[in-house]
Amino acid sequence: MNDCLFCKIVKGEIPSSKVYEDDKVLAFHDIDKKAPVHVLIIPKKHVDSIAALEATDFDTVAHIMRVAQKLAEELGLSDGFRLVANTGKDGGQTVNHLHFHLLGGRSLGWPPG
Ligand code: AMP
Ligand code: ZN
C-alpha cells in the first residue's frame with residue numbers, strides 16, 4: 001500500500017524506534033504511548049486488519065505471538081501485559097495496517113471504553 005503509514009515505516013521512509021525486526025515482523029515503540037511499555041508489532045507484509053487475514057497469513061500471526069511473548073519477557077512485563085489488535089471502526093482502529101499493541105508496565109483497566 002503506497003500511502004500506508006506502517007508500510008512506510010517498514011521501508012524506512014518514516015523513522016521508528018525499533019525494538020525487534022526479522023524477515024517477517026517489525027516491532028517499534030508507539031509514538032503516543034498509553035502505558036510505560038507500549039510497543040506495536042506488525043507484519044512487514046501489508047494486511048489491513050485481522051478481518052482481512054487470509055489463510056497464508058496465519059503463520060505470520062502465530063510468529064507475532066511468539067515475538068510478543070519474547071518482547072514481554074525482555075521488556076520486563078513479568079506481572080502481565082495486554083496484547084490487542086483494534087479492528088475496524090468499532091474496534092477503534094486508526095491505522096489500517098494490522099498491528100498488535102503490546103501494553104504493560106502498569107495495571108490496565110477493564111473493560112475498555
Ligand atoms: P490503532 O488506533 O489501534 O490503529 O493504533 C495505531 C497506533 O499507531 C496508535 O497507538 C498511534 O499512536 C500509533 N502511531 C501512529 N503513528 C505512529 C508512528 N509514526 N510511529 C509509531 N506509532 C505510531
Ligand atoms: Zn501497510
# chains A, B, ... in the order shown; residues from 1 in each chain; ligands from 1

$ residues_near_ligand --ligand "ligand 1" --cutoff "9 Å" --atoms "only C-alpha atoms and all ligand atoms" --output "MDAnalysis selection string"
chainID A and resid 5:6 9 14:17 28:34 38:40 84:88 91:101

$ select_by_dssp --residues "chain A" --states "alpha helix (DSSP H)" --output "PyMOL selection string"
chain A and resi 5-11+58-74+88-91

$ select_by_dssp --residues "chain A" --states "strand (DSSP E or B)" --output "list in words"
Lys18, Val19, Tyr20, Glu21, Val25, Leu26, Ala27, Phe28, His29, Val37, His38, Val39, Leu40, Ile41, Ile42, Pro43, Phe81, Arg82, Leu83, Val84, Phe100, His101, Leu102, Leu103 and Gly104 of chain A

$ residues_around --residues "Leu26 of chain A" --least-positions-apart "4" --cutoff "8 Å" --atoms "only C-alpha atoms" --output "compact mmCIF listing (two decimals) with C-alpha atoms, in the first residue's frame"
# COMPACT_ATOMS: atom_id res chain seq x y z
CA VAL A 10 8.71 -0.99 7.21
CA LYS A 18 12.67 -0.34 16.60
CA VAL A 19 12.71 -2.95 19.31
CA TYR A 20 12.69 -6.08 17.12
CA GLU A 21 12.97 -6.98 13.46
CA ASP A 22 13.18 -10.12 11.37
CA ILE A 41 4.16 -5.46 16.48
CA ILE A 42 3.33 -5.60 12.78
CA PRO A 43 3.72 -7.96 9.84
CA LYS A 44 6.01 -6.47 7.19

$ closest_residue --among "A:Val67, A:Cys4, A:Val37, A:Leu75" --to "ligand 2" --atoms "only C-alpha atoms and all ligand atoms"
A:Cys4

$ closest_residue --among "A:His46, A:Lys24, A:Lys11, A:Arg106" --to "Ala62 of chain A" --atoms "only C-alpha atoms"
A:Lys24

$ atom_distance --atom1 "atom CA of Ala35 of chain A" --atom2 "atom CA of Leu71 of chain A"
15.0 Å

$ closest_residue --among "A:Leu103, A:Gly12, A:Asp59, A:Trp110" --to "Asp79 of chain A" --atoms "only C-alpha atoms"
A:Leu103

$ atom_distance --atom1 "atom CA of Ala72 of chain A" --atom2 "atom CA of Pro36 of chain A"
12.3 Å

$ closest_residue --among "A:Gln69, A:Glu13, A:Ala27, A:Asp48" --to "ligand 2" --atoms "only C-alpha atoms and all ligand atoms"
A:Asp48

$ closest_residue --among "A:Ser78, A:Leu102, A:Ser49, A:Asp23" --to "His63 of chain A" --atoms "only C-alpha atoms"
A:Asp23

$ atom_distance --atom1 "atom CA of Ala52 of chain A" --atom2 "atom 1 (Zn, counted along the ligand's line) of ligand 2"
12.4 Å

$ closest_residue --among "A:Val47, A:Leu53, A:Val25, A:Leu77" --to "ligand 2" --atoms "only C-alpha atoms and all ligand atoms"
A:Val47
